[in-house]
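Report on the following structure.
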Protein chains: 4
Amino acid sequence: MIKAGIIGASGYAGQELMRLLVQHPECEIEVITSKTYKNKPFNQIYGNFMGITAKSCEEFDMAHIAKEVDVLFIALPHGIASKQLTDEILKDTKVIDLGADYRLKSQETYEEWYGVRHGSPQLLEQAVYGLCELNRHEIKKSNLIGNPGCYTTCSILTLAPLVKEKMIDPNSIIIDAKSGVSGAGRALHLGTHFTECNETIKAYKIAAHRHTPEIEEALSFHEQEVTLSFTPHLVPMNRGILITAYAGLLKGYTYEEIKAVYEQYYSKEKFVRLLPEGVFPETKWVKGSNYCDINFQIDERTGRIVLLGAIDNLVKGAAGQAIQNMNIVFGLAEDTGINMIPAFPI
Amino acid sequence: MIKAGIIGASGYAGQELMRLLVQHPECEIEVITSKTYKNKPFNQIYGNFMGITAKSCEEFDMAHIAKEVDVLFIALPHGIASKQLTDEILKDTKVIDLGADYRLKSQETYEEWYGVRHGSPQLLEQAVYGLCELNRHEIKKSNLIGNPGCYTTCSILTLAPLVKEKMIDPNSIIIDAKSGVSGAGRALHLGTHFTECNETIKAYKIAAHRHTPEIEEALSFHEQEVTLSFTPHLVPMNRGILITAYAGLLKGYTYEEIKAVYEQYYSKEKFVRLLPEGVFPETKWVKGSNYCDINFQIDERTGRIVLLGAIDNLVKGAAGQAIQNMNIVFGLAEDTGINMIPAFPI
Amino acid sequence: MIKAGIIGASGYAGQELMRLLVQHPECEIEVITSKTYKNKPFNQIYGNFMGITAKSCEEFDMAHIAKEVDVLFIALPHGIASKQLTDEILKDTKVIDLGADYRLKSQETYEEWYGVRHGSPQLLEQAVYGLCELNRHEIKKSNLIGNPGCYTTCSILTLAPLVKEKMIDPNSIIIDAKSGVSGAGRALHLGTHFTECNETIKAYKIAAHRHTPEIEEALSFHEQEVTLSFTPHLVPMNRGILITAYAGLLKGYTYEEIKAVYEQYYSKEKFVRLLPEGVFPETKWVKGSNYCDINFQIDERTGRIVLLGAIDNLVKGAAGQAIQNMNIVFGLAEDTGINMIPAFPI
Amino acid sequence: MIKAGIIGASGYAGQELMRLLVQHPECEIEVITSKTYKNKPFNQIYGNFMGITAKSCEEFDMAHIAKEVDVLFIALPHGIASKQLTDEILKDTKVIDLGADYRLKSQETYEEWYGVRHGSPQLLEQAVYGLCELNRHEIKKSNLIGNPGCYTTCSILTLAPLVKEKMIDPNSIIIDAKSGVSGAGRALHLGTHFTECNETIKAYKIAAHRHTPEIEEALSFHEQEVTLSFTPHLVPMNRGILITAYAGLLKGYTYEEIKAVYEQYYSKEKFVRLLPEGVFPETKWVKGSNYCDINFQIDERTGRIVLLGAIDNLVKGAAGQAIQNMNIVFGLAEDTGINMIPAFPI
């Protein structure tokens, strides 16, 4: 059994990780921590865990915990993990960071978009970006994995094949993203107060969201930099991300040619579902699962292609992919413990 | 492996059964039927099943299917199953009926409340009411199980201990029930059109809901008939049932005395969670699971006790309990394939 | 033109009052205050007011404001108004308090349920309970009106005729109430965080909600004290209150007899709609309006009557009724400025 | 008083028109029709009208009704109005068509996108596109007005100034639109069944929605044709449309230059609100009102501008704008009967 620790278990991503790991056949949770709920039984923080676990949240001491576990999941706001993580810790345990600190290769880009200094830039080189379908081989060998963000996972999986194969104009990409409210976390804000975000939709952080450079970096294949537009929207629902991406289609590629490329990239991927022609992703069909549903529509009038992708932001966009990374690192079948059928209607 | 068939797989209960059985380690689905979607691939009816199953819905021929399966789940509107089911079929297979035809002992009560003739009253005597926690021993020996309704499962589990132990006045019971919209099924009606039931709440079938006699029959212990008030409400959410029950508390029983009775009935039950004092059931904490959460509050001012119960209407209130019944009948551990942790926030 | 002030304009009730008063043909808003948003333009607190008003929130000085206005609406948490209000202020202006401080006749009951000392018990005797349909004549002569709570308005209007006419057993009354989340206000709490109260339902303050004594006091006609059960529930919707009340029906009264009593009380009331037989209140049909919809169903099996009432908690349950009170006090037609048709679907 | 008729009063747009016209000080409703609900009292079709009107829906005879009214609102599915409308009818009454039949100048474009023959192409030339803020002068003189669609109203108002002033590349325009479910009407479909569209988001009619040519035609200023991408999405909420539009910004225009153009077009418009820098449209701030909120953000990294617009789809996107058109035609103040403050939280 793999021994796991979760730092920051009381946030939504941490809780989802907890839920999936408790049910994981090859893993047991050794320790969980929470700053807000220190010494509090987890089942008093999240009532769904009543009768499931008697574990309480402990104090956060990364170096100490690292010695007790085989894998350490970190689910903290950005900027904290990088101040605590050291080479020593990485000798004791594998680290999968669900936060933003080890996702970007460039320290400069990180500091520019996040507005804080990176606490351990010397570790950036060895960190691997944990988008499983694209970086599986590097992940396998790594002990420090930057688990991708929710918007980014969905955006990159949807766009990567056509960018990499140079079938769309990389400078024409626009991503219009929609997320359920759980993406904003459990911390209280007026914008996520029920009566303030129910029955309404808004865009936020227009041209300024921190997932933008992460998507751009991951899509910069062949040393060609990509600059794109990214606009997130808050949708009155608990879970799910849908991205609608637009790009100029090069050389008049046909449906069949594009479909063939997607098949080439993903037909063997368990967690990517290429939908049949004319059937488009909806967040309801992936809820509770680790799937990413993808499809596209060519718009001949405008010469553009419209790409759609959908994930469950807390599973494939956070905890599920973190476990998928763990499975890769420890040589398990990649879908161990995360092959849930999406639940509906829920 | 148990071979299972699902008649009426394209309704919400049928679909949930499908989802849980596909993931069940000791069961495989042999055949599924749907009148509405004959010959249609299941994953075109429910997009969550894309990439999961290639099965199509077949035509409905109960006698024929019965020969191929070990257990037959029937998820049809009331009145149909009882016209098809025969003694011969019951020699070929075990039947678990998620509909209403075999829940009530009394043919007369059935015909009065449902307004149709019962198609096979001669089978009523051998039918067992499949409320697992209360009737486990009879279920074990039965080949025809009437799987309880959603409101009734929650109501009976919550009330049974105090009624049976004569701690509340059986003629004072009022059940005010609240259900998510999936309880109304997938058939189109104006009342479940999004803009008609979103952002509103209403009572319906006041003093006339068909789950009333089912609850009354199950609570009539010691040959004492119970007549109670039952009012269902439609709540703008996908899943979940909450019941708030009121009853006159006899003899000034204390919190500890009542708690002790609940402990006696349920402390060893996997799927009943008695919540700590002052923590009350909410549907969110049971969603996606087979749990029934229960608690109570004594109101000393009025001499009443307020009882609360919560379940997921499609799991413990339908498909989950049906599988729990199957597990009992086939001698499996009762929680096989249905021990999911509730998912949150979803 | 009546000059009005609003103390506590930045809460939901205050904002709704603002919206209705700005559109009121006989009233102009002289001053608004907010502790949280002092000196902030109201249209930055509530974006719906962009382009409507340039007013900013001022500091709270009740005595000073009282001199400038003809009517002062107070929309503060309980306990604050009664500490500031004086006889002098009541000489300068009429006061309509949307909070709880002047609703109960009994200081003792107030202090017991609210857990604070009442700041001006000497004013309680002159305060009039502002349930317009029942107390119109006293309201007309008063300069201090305790505007009823949301649950209470709906409960009292629904129950009063049958209690007063002694057609139901006053000790058998159970009120199961359901409210939209705006009833909980704009202050941030985990329980009203979107992902915590969306897609779920729960009861709260079981046998302990502060609206209980208010309902009991208002229903204690003929010096007969009423003690009842009241259970509020939080429903995932923005607005609306539905109450489902149960009571033992005396002497086998018929539908026609009960209907006749309701007609006698309400047939001339603009804001009470008695629905046709078999049509029951839903919160959607009153949303955005000052109506209270009422109907009932006799349950002959149990000898009980089920009563249903629905209001918009922010209109008839708060700001609308406050204006209705103002209209009465100033001799205007009672529906001036508040005769909006309910909006649907919204 | 203006005498009005509504053909198709039982749809959501018809009902909203009814609600607003009943409250309009200069208009009275003479006749309403409904095919589905012939001879049915309107307050039985929509419970919000209980106690408001006793009118019933009549049979549809356009020529006959035209003789009785000064203005005829038509709220029917496309293709019906154009088969009934004649020059004779237009001599008897003014016609404001909320459907699609008289919006497009080109018969060919209409027939291509709508897939039906236009029933009265000879009337197209005299029809005026009823986008009030842009075509006020033509509307004033017209007796046949094609009332714009919901998506189109929001899109055109948001984009027109920059397109007309040639500040953005007209071939780079992408409109990603999001709508509440009331936009899909009251007819029953699986896609708008509560449990199928609640808690999920999807795109639909990708590169194929019929509002596309309407937007393109209206934005083709200076005889320069515009071809753009338009993707509508269904959002789990009752009301509201948000459009997020992207375009290449020409010549490096600054915030101030763009703001100045918007001010020039809209600063005197009652129903267009240009939001302050950094404050972006949300549908909640316009709900229940005739406002269109607009703002923009320059994205210097990509050279694009992101434009946002929000309306209430049933008011400014349908019934409200229809009344605004009536007000213009009859020489009333343009905001008569439609100057409601947006309601919140609702």
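Lettering and numbering for the structure tokens are positional, with chains as A, B, ... in the shown order, residues counted from 1 in each chain, and ligands counted from 1 in the shown order.
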How would you write, as a PyMOL selection string, the set of residues in segment 128-284 of chain D that DSSP gives as helix (DSSP H, G or I)?
chain D and resi 132-141+150-164+170-172+181-184+190-192+194-197+211-219+221-223+250-252+255-266+283-284
When you look at segment 70-75 of chain C with a cut-off of 7 Å (counting only C-alpha atoms), what residues show up, excluding the ones that are within fewer than 3 positions of it in the same chain? I need them as a list in words.
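After dropping sequence-adjacent residues, the list is Ile2, Lys3, Ala4, Gly5, Ile6, Ile7, Gly8, Ala9, Ala13, Gly14, Ala66, Thr93, Lys94, Val95, Ile96, Asp97, Leu98 and Gly99 of chain C.
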Emit the selected residues as a JSON list (two decimals), in the first residue's frame, including N, CA, C and O atoms.
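Wrote part01.json, looks like this:
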[["chain", "number", "residue", "atom", "x", "y", "z"],
["C", 2, "ILE", "N", -43.77, 62.34, 0.59],
["C", 2, "ILE", "CA", -43.28, 61.86, 1.88],
["C", 2, "ILE", "C", -41.76, 61.74, 1.81],
["C", 2, "ILE", "O", -41.22, 61.17, 0.86],
["C", 3, "LYS", "N", -41.12, 62.30, 2.81],
["C", 3, "LYS", "CA", -39.65, 62.16, 2.84],
["C", 3, "LYS", "C", -39.28, 60.95, 3.70],
["C", 3, "LYS", "O", -39.69, 60.86, 4.86],
["C", 4, "ALA", "N", -38.48, 60.07, 3.12],
["C", 4, "ALA", "CA", -38.16, 58.82, 3.83],
["C", 4, "ALA", "C", -36.66, 58.67, 4.07],
["C", 4, "ALA", "O", -35.84, 59.15, 3.28],
["C", 5, "GLY", "N", -36.34, 57.99, 5.15],
["C", 5, "GLY", "CA", -34.95, 57.60, 5.41],
["C", 5, "GLY", "C", -34.88, 56.10, 5.58],
["C", 5, "GLY", "O", -35.85, 55.48, 6.04],
["C", 6, "ILE", "N", -33.76, 55.51, 5.19],
["C", 6, "ILE", "CA", -33.56, 54.07, 5.39],
["C", 6, "ILE", "C", -32.29, 53.87, 6.19],
["C", 6, "ILE", "O", -31.20, 54.21, 5.72],
["C", 7, "ILE", "N", -32.43, 53.31, 7.36],
["C", 7, "ILE", "CA", -31.26, 52.98, 8.17],
["C", 7, "ILE", "C", -30.94, 51.51, 7.95],
["C", 7, "ILE", "O", -31.77, 50.65, 8.23],
["C", 8, "GLY", "N", -29.77, 51.24, 7.44],
["C", 8, "GLY", "CA", -29.42, 49.86, 7.09],
["C", 8, "GLY", "C", -29.82, 49.53, 5.67],
["C", 8, "GLY", "O", -30.39, 48.47, 5.39],
["C", 9, "ALA", "N", -29.50, 50.43, 4.75],
["C", 9, "ALA", "CA", -29.96, 50.28, 3.37],
["C", 9, "ALA", "C", -29.17, 49.23, 2.60],
["C", 9, "ALA", "O", -29.59, 48.81, 1.52],
["C", 13, "ALA", "N", -32.98, 43.51, 2.62],
["C", 13, "ALA", "CA", -34.27, 44.14, 2.85],
["C", 13, "ALA", "C", -34.18, 45.64, 2.58],
["C", 13, "ALA", "O", -35.06, 46.23, 1.95],
["C", 14, "GLY", "N", -33.09, 46.24, 3.01],
["C", 14, "GLY", "CA", -32.88, 47.66, 2.78],
["C", 14, "GLY", "C", -32.80, 47.97, 1.29],
["C", 14, "GLY", "O", -33.38, 48.96, 0.82],
["C", 66, "ALA", "N", -33.91, 61.63, 11.96],
["C", 66, "ALA", "CA", -35.35, 61.70, 12.28],
["C", 66, "ALA", "C", -35.91, 63.09, 12.02],
["C", 66, "ALA", "O", -37.07, 63.25, 11.65],
["C", 93, "THR", "N", -40.59, 61.82, 13.83],
["C", 93, "THR", "CA", -40.84, 61.02, 12.62],
["C", 93, "THR", "C", -41.62, 59.75, 12.96],
["C", 93, "THR", "O", -41.64, 59.31, 14.12],
["C", 94, "LYS", "N", -42.25, 59.19, 11.96],
["C", 94, "LYS", "CA", -42.85, 57.87, 12.11],
["C", 94, "LYS", "C", -41.74, 56.84, 11.91],
["C", 94, "LYS", "O", -40.86, 57.03, 11.06],
["C", 95, "VAL", "N", -41.81, 55.76, 12.63],
["C", 95, "VAL", "CA", -40.78, 54.73, 12.51],
["C", 95, "VAL", "C", -41.41, 53.39, 12.12],
["C", 95, "VAL", "O", -42.37, 52.94, 12.73],
["C", 96, "ILE", "N", -40.85, 52.81, 11.08],
["C", 96, "ILE", "CA", -41.25, 51.45, 10.68],
["C", 96, "ILE", "C", -40.00, 50.59, 10.78],
["C", 96, "ILE", "O", -39.06, 50.76, 10.01],
["C", 97, "ASP", "N", -40.00, 49.69, 11.75],
["C", 97, "ASP", "CA", -38.82, 48.88, 12.02],
["C", 97, "ASP", "C", -38.95, 47.51, 11.39],
["C", 97, "ASP", "O", -39.80, 46.72, 11.79],
["C", 98, "LEU", "N", -38.10, 47.22, 10.40],
["C", 98, "LEU", "CA", -38.15, 45.91, 9.75],
["C", 98, "LEU", "C", -37.49, 44.83, 10.59],
["C", 98, "LEU", "O", -37.57, 43.65, 10.26],
["C", 99, "GLY", "N", -36.79, 45.22, 11.63],
["C", 99, "GLY", "CA", -36.16, 44.26, 12.54],
["C", 99, "GLY", "C", -37.15, 43.73, 13.56],
["C", 99, "GLY", "O", -38.35, 43.97, 13.48]]
Residue nearest chain D - candidates B:Thr231, B:Ser182, B:Thr109, B:Gln264, atoms counted: only C-alpha atoms:
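Looking only at the distances to chain D, the closest residue turns out to be B:Ser182.
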Check which residues of chain A sit at most 7 Å from chain B using only C-alpha atoms, and return one row each with the closest pair of atoms and their distance in Å to one decimal, ordered by chain and rising number, as a tab-separated table.
residue	atom	partner	partner_atom	distance
A:Arg19	CA	B:Ile341	CA	6.7
A:Gly47	CA	B:Trp285	CA	5.5
A:Asn48	CA	B:Trp285	CA	4.3
A:Gly51	CA	B:Arg273	CA	6.9
A:Asn238	CA	B:Ile346	CA	5.6
A:Arg239	CA	B:Ile346	CA	6.0
A:Arg273	CA	B:Gly51	CA	6.9
A:Trp285	CA	B:Asn48	CA	4.3
A:Val286	CA	B:Asn48	CA	6.2
A:Ile341	CA	B:Arg19	CA	6.6
A:Pro342	CA	B:Asn48	CA	5.4
A:Pro345	CA	B:Asn238	CA	6.3
A:Ile346	CA	B:Asn238	CA	5.6
Got time to write the residues from that selection, N, CA, C and O atoms, as a short mmCIF file (atom, residue, chain, number, x, y, z; two decimals), in the first residue's frame?
data_model
loop_
_atom_site.label_atom_id
_atom_site.label_comp_id
_atom_site.auth_asym_id
_atom_site.auth_seq_id
_atom_site.Cartn_x
_atom_site.Cartn_y
_atom_site.Cartn_z
N ARG A 19 -11.72 11.87 -0.59
CA ARG A 19 -12.81 10.97 -0.97
C ARG A 19 -12.31 9.88 -1.93
O ARG A 19 -12.61 8.70 -1.77
N GLY A 47 -19.52 16.73 6.29
CA GLY A 47 -20.48 15.76 6.81
C GLY A 47 -20.60 14.49 5.97
O GLY A 47 -21.06 13.46 6.46
N ASN A 48 -20.19 14.54 4.71
CA ASN A 48 -20.24 13.31 3.90
C ASN A 48 -19.31 12.24 4.46
O ASN A 48 -19.50 11.06 4.18
N GLY A 51 -19.05 8.58 9.58
CA GLY A 51 -19.07 7.13 9.47
C GLY A 51 -18.03 6.56 8.52
O GLY A 51 -17.92 5.35 8.35
N ASN A 238 -22.57 23.73 -9.29
CA ASN A 238 -21.51 23.35 -8.36
C ASN A 238 -20.22 22.95 -9.06
O ASN A 238 -19.14 23.37 -8.66
N ARG A 239 -20.33 22.12 -10.09
CA ARG A 239 -19.14 21.50 -10.68
C ARG A 239 -19.15 21.57 -12.19
O ARG A 239 -20.22 21.56 -12.80
N ARG A 273 -12.46 11.25 -24.08
CA ARG A 273 -13.52 10.70 -24.93
C ARG A 273 -13.76 11.65 -26.11
O ARG A 273 -14.18 12.80 -25.91
N TRP A 285 -22.20 15.25 -18.49
CA TRP A 285 -21.80 13.89 -18.88
C TRP A 285 -20.45 13.46 -18.32
O TRP A 285 -20.03 12.31 -18.51
N VAL A 286 -19.72 14.37 -17.68
CA VAL A 286 -18.43 13.99 -17.08
C VAL A 286 -18.43 14.13 -15.57
O VAL A 286 -17.43 13.82 -14.91
N ILE A 341 -17.76 5.86 -13.34
CA ILE A 341 -18.67 6.30 -14.39
C ILE A 341 -19.27 7.63 -13.96
O ILE A 341 -19.64 7.78 -12.80
N PRO A 342 -19.37 8.59 -14.87
CA PRO A 342 -19.99 9.85 -14.48
C PRO A 342 -21.39 9.61 -13.93
O PRO A 342 -22.14 8.77 -14.45
N PRO A 345 -28.69 11.97 -13.11
CA PRO A 345 -28.54 13.42 -12.93
C PRO A 345 -28.16 13.71 -11.49
O PRO A 345 -28.81 13.23 -10.59
N ILE A 346 -27.17 14.51 -11.30
CA ILE A 346 -26.64 14.81 -9.97
C ILE A 346 -26.16 16.24 -9.95
O ILE A 346 -25.91 16.81 -11.00
#
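Here the question is which of D:Gly331, D:Gly119, D:Pro213, D:Gly337 gets nearest to His137 of chain D using only C-alpha atoms, and that residue is D:Gly331.
What separates atom CA of Ile173 of chain C from atom CA of Val226 of chain C is a distance of 8.6 Å.
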Using DSSP secondary structure from the backbone, list all strand (DSSP E) positions within segment 152-250 of chain D, as a list in words.
Ile174, Ile175, Asp176, Ala177, Lys178, Ser179, Lys202, Ala203, Ser229, Phe230, Thr231, Pro232, His233, Leu234, Ile241, Leu242, Ile243, Thr244, Ala245, Tyr246, Ala247 and Gly248 of chain D
Excluding same-chain residues fewer than 5 positions from Tyr204 of chain D, what lies within 12 Å of it counting only C-alpha atoms, as number ranges by chain?
A: 244, 278-282, 296-297, 306, 308; D: 176-179, 184, 191, 209-210, 230-235
What lies within 12 Å of Leu190 of chain A using only C-alpha atoms, ignoring chain neighbours under 6 positions off, as an mmCIF file with all heavy atoms, in the first residue's frame?
data_model
loop_
_atom_site.group_PDB
_atom_site.id
_atom_site.type_symbol
_atom_site.label_atom_id
_atom_site.label_comp_id
_atom_site.auth_asym_id
_atom_site.auth_seq_id
_atom_site.Cartn_x
_atom_site.Cartn_y
_atom_site.Cartn_z
ATOM 1 N N ALA A 184 -14.001 28.062 -7.276
ATOM 2 C CA ALA A 184 -13.582 29.214 -6.470
ATOM 3 C C ALA A 184 -13.262 28.843 -5.034
ATOM 4 O O ALA A 184 -12.860 29.693 -4.246
ATOM 5 C CB ALA A 184 -14.670 30.289 -6.504
ATOM 6 N N GLU A 196 -25.685 35.870 -4.577
ATOM 7 C CA GLU A 196 -24.912 36.756 -5.445
ATOM 8 C C GLU A 196 -24.452 36.072 -6.734
ATOM 9 O O GLU A 196 -24.158 36.744 -7.724
ATOM 10 C CB GLU A 196 -23.687 37.305 -4.694
ATOM 11 C CG GLU A 196 -24.018 38.099 -3.447
ATOM 12 C CD GLU A 196 -24.573 39.499 -3.717
ATOM 13 O OE1 GLU A 196 -24.170 40.098 -4.722
ATOM 14 O OE2 GLU A 196 -25.404 39.978 -2.926
ATOM 15 N N CYS A 197 -24.342 34.750 -6.725
ATOM 16 C CA CYS A 197 -23.885 34.085 -7.955
ATOM 17 C C CYS A 197 -24.898 33.088 -8.503
ATOM 18 O O CYS A 197 -24.708 32.556 -9.595
ATOM 19 C CB CYS A 197 -22.517 33.436 -7.765
ATOM 20 S SG CYS A 197 -22.499 32.095 -6.592
ATOM 21 N N ASN A 198 -25.982 32.849 -7.765
ATOM 22 C CA ASN A 198 -27.055 32.018 -8.291
ATOM 23 C C ASN A 198 -27.823 32.825 -9.337
ATOM 24 O O ASN A 198 -27.966 34.033 -9.212
ATOM 25 C CB ASN A 198 -28.001 31.638 -7.135
ATOM 26 C CG ASN A 198 -29.106 30.705 -7.555
ATOM 27 O OD1 ASN A 198 -28.893 29.792 -8.344
ATOM 28 N ND2 ASN A 198 -30.308 30.927 -7.040
ATOM 29 N N ILE C 45 -22.557 49.393 -4.373
ATOM 30 C CA ILE C 45 -22.891 48.284 -3.467
ATOM 31 C C ILE C 45 -23.826 47.305 -4.182
ATOM 32 O O ILE C 45 -23.699 46.099 -4.061
ATOM 33 C CB ILE C 45 -23.578 48.835 -2.186
ATOM 34 C CG1 ILE C 45 -22.748 49.964 -1.576
ATOM 35 C CG2 ILE C 45 -23.820 47.718 -1.176
ATOM 36 C CD1 ILE C 45 -23.448 50.699 -0.440
ATOM 37 N N TYR C 46 -24.732 47.873 -4.965
ATOM 38 C CA TYR C 46 -25.685 47.073 -5.726
ATOM 39 C C TYR C 46 -25.709 47.572 -7.170
ATOM 40 O O TYR C 46 -26.234 48.650 -7.462
ATOM 41 C CB TYR C 46 -27.089 47.185 -5.113
ATOM 42 C CG TYR C 46 -27.233 46.402 -3.831
ATOM 43 C CD1 TYR C 46 -27.248 47.032 -2.592
ATOM 44 C CD2 TYR C 46 -27.343 45.015 -3.867
ATOM 45 C CE1 TYR C 46 -27.371 46.296 -1.416
ATOM 46 C CE2 TYR C 46 -27.469 44.281 -2.691
ATOM 47 C CZ TYR C 46 -27.475 44.920 -1.473
ATOM 48 O OH TYR C 46 -27.600 44.183 -0.316
ATOM 49 N N GLY C 185 -29.923 36.859 4.356
ATOM 50 C CA GLY C 185 -29.180 38.116 4.266
ATOM 51 C C GLY C 185 -27.917 38.058 3.441
ATOM 52 O O GLY C 185 -27.609 37.044 2.813
ATOM 53 N N ARG C 186 -27.199 39.186 3.444
ATOM 54 C CA ARG C 186 -26.010 39.315 2.584
ATOM 55 C C ARG C 186 -24.703 39.033 3.330
ATOM 56 O O ARG C 186 -23.647 38.934 2.711
ATOM 57 C CB ARG C 186 -25.953 40.723 1.992
ATOM 58 C CG ARG C 186 -25.229 40.751 0.669
ATOM 59 C CD ARG C 186 -24.997 42.151 0.129
ATOM 60 N NE ARG C 186 -24.799 42.118 -1.326
ATOM 61 C CZ ARG C 186 -24.330 43.111 -2.051
ATOM 62 N NH1 ARG C 186 -24.019 44.257 -1.471
ATOM 63 N NH2 ARG C 186 -24.161 42.998 -3.354
ATOM 64 N N ALA C 187 -24.773 38.899 4.652
ATOM 65 C CA ALA C 187 -23.544 38.622 5.405
ATOM 66 C C ALA C 187 -23.039 37.224 5.057
ATOM 67 O O ALA C 187 -23.822 36.295 4.862
ATOM 68 C CB ALA C 187 -23.815 38.735 6.905
ATOM 69 N N LEU C 188 -21.730 37.081 4.984
ATOM 70 C CA LEU C 188 -21.130 35.820 4.545
ATOM 71 C C LEU C 188 -21.103 34.773 5.657
ATOM 72 O O LEU C 188 -20.657 35.049 6.770
ATOM 73 C CB LEU C 188 -19.701 36.074 4.051
ATOM 74 C CG LEU C 188 -19.557 37.123 2.948
ATOM 75 C CD1 LEU C 188 -18.102 37.202 2.484
ATOM 76 C CD2 LEU C 188 -20.472 36.827 1.773
ATOM 77 N N HIS C 189 -21.600 33.590 5.352
ATOM 78 C CA HIS C 189 -21.545 32.439 6.247
ATOM 79 C C HIS C 189 -21.311 31.200 5.402
ATOM 80 O O HIS C 189 -21.755 31.153 4.247
ATOM 81 C CB HIS C 189 -22.872 32.270 7.003
ATOM 82 C CG HIS C 189 -23.196 33.418 7.892
ATOM 83 N ND1 HIS C 189 -22.535 33.665 9.066
ATOM 84 C CD2 HIS C 189 -24.115 34.419 7.768
ATOM 85 C CE1 HIS C 189 -23.025 34.759 9.639
ATOM 86 N NE2 HIS C 189 -23.981 35.237 8.857
ATOM 87 N N LEU C 190 -20.675 30.196 5.983
ATOM 88 C CA LEU C 190 -20.435 28.966 5.234
ATOM 89 C C LEU C 190 -21.762 28.362 4.745
ATOM 90 O O LEU C 190 -21.855 27.865 3.627
ATOM 91 C CB LEU C 190 -19.675 27.951 6.098
ATOM 92 C CG LEU C 190 -19.194 26.705 5.362
ATOM 93 C CD1 LEU C 190 -18.257 27.062 4.221
ATOM 94 C CD2 LEU C 190 -18.499 25.726 6.313
ATOM 95 N N THR C 192 -24.362 29.667 3.650
ATOM 96 C CA THR C 192 -24.966 30.303 2.484
ATOM 97 C C THR C 192 -23.946 30.543 1.370
ATOM 98 O O THR C 192 -24.213 31.272 0.416
ATOM 99 C CB THR C 192 -25.653 31.636 2.878
ATOM 100 O OG1 THR C 192 -24.738 32.397 3.681
ATOM 101 C CG2 THR C 192 -26.915 31.375 3.670
ATOM 102 N N HIS C 193 -22.785 29.936 1.499
ATOM 103 C CA HIS C 193 -21.796 29.890 0.417
ATOM 104 C C HIS C 193 -22.441 29.047 -0.702
ATOM 105 O O HIS C 193 -23.084 28.026 -0.416
ATOM 106 C CB HIS C 193 -20.545 29.202 0.974
ATOM 107 C CG HIS C 193 -19.339 29.261 0.099
ATOM 108 N ND1 HIS C 193 -18.788 30.440 -0.335
ATOM 109 C CD2 HIS C 193 -18.545 28.269 -0.408
ATOM 110 C CE1 HIS C 193 -17.713 30.174 -1.084
ATOM 111 N NE2 HIS C 193 -17.562 28.871 -1.137
ATOM 112 N N PHE C 194 -22.291 29.471 -1.951
ATOM 113 C CA PHE C 194 -23.045 28.825 -3.032
ATOM 114 C C PHE C 194 -22.973 27.301 -3.004
ATOM 115 O O PHE C 194 -23.989 26.599 -2.976
ATOM 116 C CB PHE C 194 -22.568 29.326 -4.397
ATOM 117 C CG PHE C 194 -23.354 28.745 -5.549
ATOM 118 C CD1 PHE C 194 -24.559 29.314 -5.937
ATOM 119 C CD2 PHE C 194 -22.913 27.622 -6.235
ATOM 120 C CE1 PHE C 194 -25.305 28.780 -6.986
ATOM 121 C CE2 PHE C 194 -23.645 27.075 -7.276
ATOM 122 C CZ PHE C 194 -24.844 27.656 -7.660
#
List the spatial neighbours of segment 149-160 of chain A as a PyMOL selection string - criterion: any atom at most 9 Å away, only C-alpha atoms, same-chain residues fewer than 3 positions off excluded.
chain A and resi 98-100+103+131+133-134+163-165+175+177-179+183+211-212+214-216+218-219+221+232+241-245+272+292-295+307-318
Å distance separating atom CA of Lys140 of chain A from atom CA of Asp335 of chain A, one decimal place
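Atom-to-atom, atom CA of Lys140 of chain A and atom CA of Asp335 of chain A are spaced 14.6 Å apart.
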Between atom CA of Gly248 of chain A and atom CA of His222 of chain D, what is the distance in Å, rounded to a tenth?
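These two atoms are separated by 25.9 Å.
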Using only C-alpha atoms, determine which residues lie at most 6 Å from segment 56-63 of chain C, disregarding the query and same-chain residues fewer than 4 positions distant; provide the list as number ranges by chain.
C: 32-34, 38-42, 89
